[in-house]
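Visitor: First the structure, then my questions, so here it is.
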Amino acid sequence: MTMATGYKKEKVRLPPKRGEVKTRLFRYFVEIVARVASKAGRGLGIRKQKVTEDGSDQPSLPHLKSPNPSAPAQAPSGSTTTSGQSSPPALSPSGPLAPSASSGPADIVAILRKAIKFRTFIGLLKSTQMDAEINSELKKKSNAGFTIFAPTDSAFSDLKTGTLNSFTDNQKAALTKFHIINSFLTISQFQTVSNPLHTSANGNTKEFPLNVIGNGTQVNMTTGLVNTTVDSTVYSDGQLAVYEIPQVLLSQGILSPQAPAPGPLPPKPEKVTPLNSHAPSTSTTVSVDSSEATGLPHYAPIMVSIGVAVVAALPLCI
């Protein structure tokens, strides 16, 4: 009797042998390493093809096409690095701010504000209205210019606490004007300038002495109370020169109390006429007689004696 089989024989999958697993893993690892090495080799081949003729090993930059071929190429504002980014233009080694050709006359407050570190000195210029006076003079065609020694904010911080706040308005005005010279001076001119310099503070150089001596590379300043130097040139345009100094210039004329300006003299009082000035002229005679009468007491005894003698002699004569 035959038995019908209604199912197919399934293929039995046996687990891999012990060594075969290691062999498969090793073969897979070798394939990965081979692929990585192949990619690295292709990259090195491309890099060698792009080596420049001078032997430099820098990769070539992509060529940038102008969107408008007919338009002229614009000059870059600064140098271009190998990464394609533009670096900022190098600063001028001279240091001072360059005047703009179309800006017109210089503005002293704008110049100091652009330099950032002169806020206290700007406040003094504005409170004493010296900023308006300087700007007004610079607008005139015939002017000798100005030289300004600007103390930094740290220079005012080095003063004794409360010094600036204790100054009167006259002292603040004298302090501000003592830092201003009514003529344009370059660094080289400080070698031949005549000392003491006349500042805007006062023509009296005894109370406001300022001696400036230059040797070509350094400018030394002294007021008798303060010794300092010029640190740098903030601005110079042929009419206005601004120099940075690390200390506030003080003098005896600033520290001494400033006497207020004398006021107008009061009118002279009218001469009061005495009441007896309109008396008749006999009053003068009376006054003369009274003055002569002051001598009567000296002769009174003599006159009395003569009178007694005359009276006593009358009976004898009769």
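In the structure tokens, chains take the letters A, B, ... in the order shown, each chain's residues start at 1, and ligands count up from 1 in the order shown.
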Taking the DSSP assignment computed from this structure's backbone, write out as a ChimeraX atom specification all residues of range 168-215 of chain A that belong to helix (DSSP H, G or I).
Guide: /A:169-177,188-191
Visitor: Only N, CA and C atoms, please: the residues just picked out, written as a PDB file, in the first residue's frame.
Guide:
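Generated file (out25.pdb):
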ATOM      1  N   ASP A 169      32.551 127.703  37.421  1.00  0.00           N
ATOM      2  CA  ASP A 169      32.422 127.837  35.971  1.00  0.00           C
ATOM      3  C   ASP A 169      33.639 128.528  35.369  1.00  0.00           C
ATOM      4  N   ASN A 170      34.178 129.523  36.086  1.00  0.00           N
ATOM      5  CA  ASN A 170      35.367 130.223  35.595  1.00  0.00           C
ATOM      6  C   ASN A 170      36.577 129.302  35.564  1.00  0.00           C
ATOM      7  N   GLN A 171      36.697 128.451  36.578  1.00  0.00           N
ATOM      8  CA  GLN A 171      37.824 127.509  36.603  1.00  0.00           C
ATOM      9  C   GLN A 171      37.701 126.467  35.493  1.00  0.00           C
ATOM     10  N   LYS A 172      36.493 125.991  35.236  1.00  0.00           N
ATOM     11  CA  LYS A 172      36.300 125.022  34.146  1.00  0.00           C
ATOM     12  C   LYS A 172      36.618 125.661  32.790  1.00  0.00           C
ATOM     13  N   ALA A 173      36.238 126.914  32.637  1.00  0.00           N
ATOM     14  CA  ALA A 173      36.555 127.607  31.386  1.00  0.00           C
ATOM     15  C   ALA A 173      38.064 127.781  31.228  1.00  0.00           C
ATOM     16  N   ALA A 174      38.746 128.148  32.321  1.00  0.00           N
ATOM     17  CA  ALA A 174      40.202 128.303  32.265  1.00  0.00           C
ATOM     18  C   ALA A 174      40.888 126.974  31.994  1.00  0.00           C
ATOM     19  N   LEU A 175      40.377 125.893  32.604  1.00  0.00           N
ATOM     20  CA  LEU A 175      40.946 124.563  32.380  1.00  0.00           C
ATOM     21  C   LEU A 175      40.816 124.156  30.914  1.00  0.00           C
ATOM     22  N   THR A 176      39.654 124.382  30.334  1.00  0.00           N
ATOM     23  CA  THR A 176      39.436 124.006  28.930  1.00  0.00           C
ATOM     24  C   THR A 176      40.318 124.836  28.000  1.00  0.00           C
ATOM     25  N   LYS A 177      40.383 126.132  28.220  1.00  0.00           N
ATOM     26  CA  LYS A 177      41.165 127.011  27.351  1.00  0.00           C
ATOM     27  C   LYS A 177      42.661 126.766  27.486  1.00  0.00           C
ATOM     28  N   SER A 188      56.685 118.293  14.365  1.00  0.00           N
ATOM     29  CA  SER A 188      58.045 118.783  14.102  1.00  0.00           C
ATOM     30  C   SER A 188      58.235 120.225  14.551  1.00  0.00           C
ATOM     31  N   GLN A 189      57.159 121.025  14.552  1.00  0.00           N
ATOM     32  CA  GLN A 189      57.277 122.426  14.959  1.00  0.00           C
ATOM     33  C   GLN A 189      57.494 122.582  16.457  1.00  0.00           C
ATOM     34  N   PHE A 190      57.192 121.565  17.238  1.00  0.00           N
ATOM     35  CA  PHE A 190      57.425 121.659  18.677  1.00  0.00           C
ATOM     36  C   PHE A 190      58.919 121.712  19.010  1.00  0.00           C
ATOM     37  N   GLN A 191      59.775 121.387  18.050  1.00  0.00           N
ATOM     38  CA  GLN A 191      61.219 121.448  18.289  1.00  0.00           C
ATOM     39  C   GLN A 191      61.737 122.885  18.262  1.00  0.00           C
TER      40      GLN A 191
END
Visitor: Check range 109-264 of chain A with DSSP on the backbone and list each residue it calls strand (DSSP E or B), as an NGL selection string.
Guide: :A and (146-151 or 180-181 or 199 or 211-214 or 219-222 or 227-229 or 232-236 or 240-245)
Visitor: Pull C-alpha atoms from the residues just selected and write them as a PDB file, in the first residue's frame.
Guide:
ATOM      1  CA  PHE A 146      44.078 125.530  16.478  1.00  0.00           C
ATOM      2  CA  THR A 147      46.216 123.034  18.350  1.00  0.00           C
ATOM      3  CA  ILE A 148      44.311 121.090  21.009  1.00  0.00           C
ATOM      4  CA  PHE A 149      45.789 118.820  23.671  1.00  0.00           C
ATOM      5  CA  ALA A 150      42.947 116.418  24.537  1.00  0.00           C
ATOM      6  CA  PRO A 151      43.186 114.509  27.851  1.00  0.00           C
ATOM      7  CA  ILE A 180      43.931 125.073  23.402  1.00  0.00           C
ATOM      8  CA  ILE A 181      46.530 127.028  21.404  1.00  0.00           C
ATOM      9  CA  THR A 199      47.160 129.365  25.344  1.00  0.00           C
ATOM     10  CA  ASN A 211      56.328 124.654  27.933  1.00  0.00           C
ATOM     11  CA  VAL A 212      56.463 122.122  25.094  1.00  0.00           C
ATOM     12  CA  ILE A 213      59.725 120.569  23.904  1.00  0.00           C
ATOM     13  CA  GLY A 214      60.015 118.113  21.007  1.00  0.00           C
ATOM     14  CA  VAL A 219      57.019 115.700  22.743  1.00  0.00           C
ATOM     15  CA  ASN A 220      57.388 116.590  26.439  1.00  0.00           C
ATOM     16  CA  MET A 221      55.105 119.072  28.212  1.00  0.00           C
ATOM     17  CA  THR A 222      55.289 120.800  31.586  1.00  0.00           C
ATOM     18  CA  ASN A 227      54.746 116.832  33.491  1.00  0.00           C
ATOM     19  CA  THR A 228      53.409 114.724  30.626  1.00  0.00           C
ATOM     20  CA  THR A 229      53.952 113.767  26.979  1.00  0.00           C
ATOM     21  CA  SER A 232      49.559 110.231  19.636  1.00  0.00           C
ATOM     22  CA  THR A 233      48.057 112.411  16.922  1.00  0.00           C
ATOM     23  CA  VAL A 234      44.272 112.125  16.886  1.00  0.00           C
ATOM     24  CA  TYR A 235      43.604 114.445  13.927  1.00  0.00           C
ATOM     25  CA  SER A 236      45.497 116.838  11.667  1.00  0.00           C
ATOM     26  CA  LEU A 240      43.263 121.789  13.239  1.00  0.00           C
ATOM     27  CA  ALA A 241      45.623 119.483  15.147  1.00  0.00           C
ATOM     28  CA  VAL A 242      44.380 117.304  18.016  1.00  0.00           C
ATOM     29  CA  TYR A 243      46.913 115.478  20.180  1.00  0.00           C
ATOM     30  CA  GLU A 244      46.152 112.864  22.828  1.00  0.00           C
ATOM     31  CA  ILE A 245      47.741 113.391  26.250  1.00  0.00           C
TER      32      ILE A 245
END
Visitor: Enter the distance from CA of Val109 in chain A to CA of Asp153 in chain A, in Å, rounded to one decimal.
Guide: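 One can read the CA of Val109 in chain A to CA of Asp153 in chain A distance as 14.6 Å.
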Visitor: When you count only C-alpha atoms, which of these residues is closest to Leu138 in chain A: A:Arg42, A:Lys114, A:Gly216, A:Gln239?
Guide: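 Selected residue with least distance to Leu138 in chain A: A:Gln239.
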Visitor: Find the spatial neighbours of Glu137 in chain A, counting only C-alpha atoms, within a cut-off of 12 Å - ignore same-chain residues fewer than 5 positions away - and output them as a ChimeraX atom specification.
Guide: /A:105-108,130-132,142-146,182-183,239-240
Visitor: Work out how far CA of Thr168 in chain A is from CA of Lys206 in chain A, in Å to one decimal.
Guide: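 CA of Lys206 in chain A sits 21.0 Å away from CA of Thr168 in chain A.
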Visitor: Just give me the gap between CA of Ala115 in chain A and CA of Phe156 in chain A in Å, one decimal is fine.
Guide: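 Separation between CA of Ala115 in chain A and CA of Phe156 in chain A: 16.2 Å.
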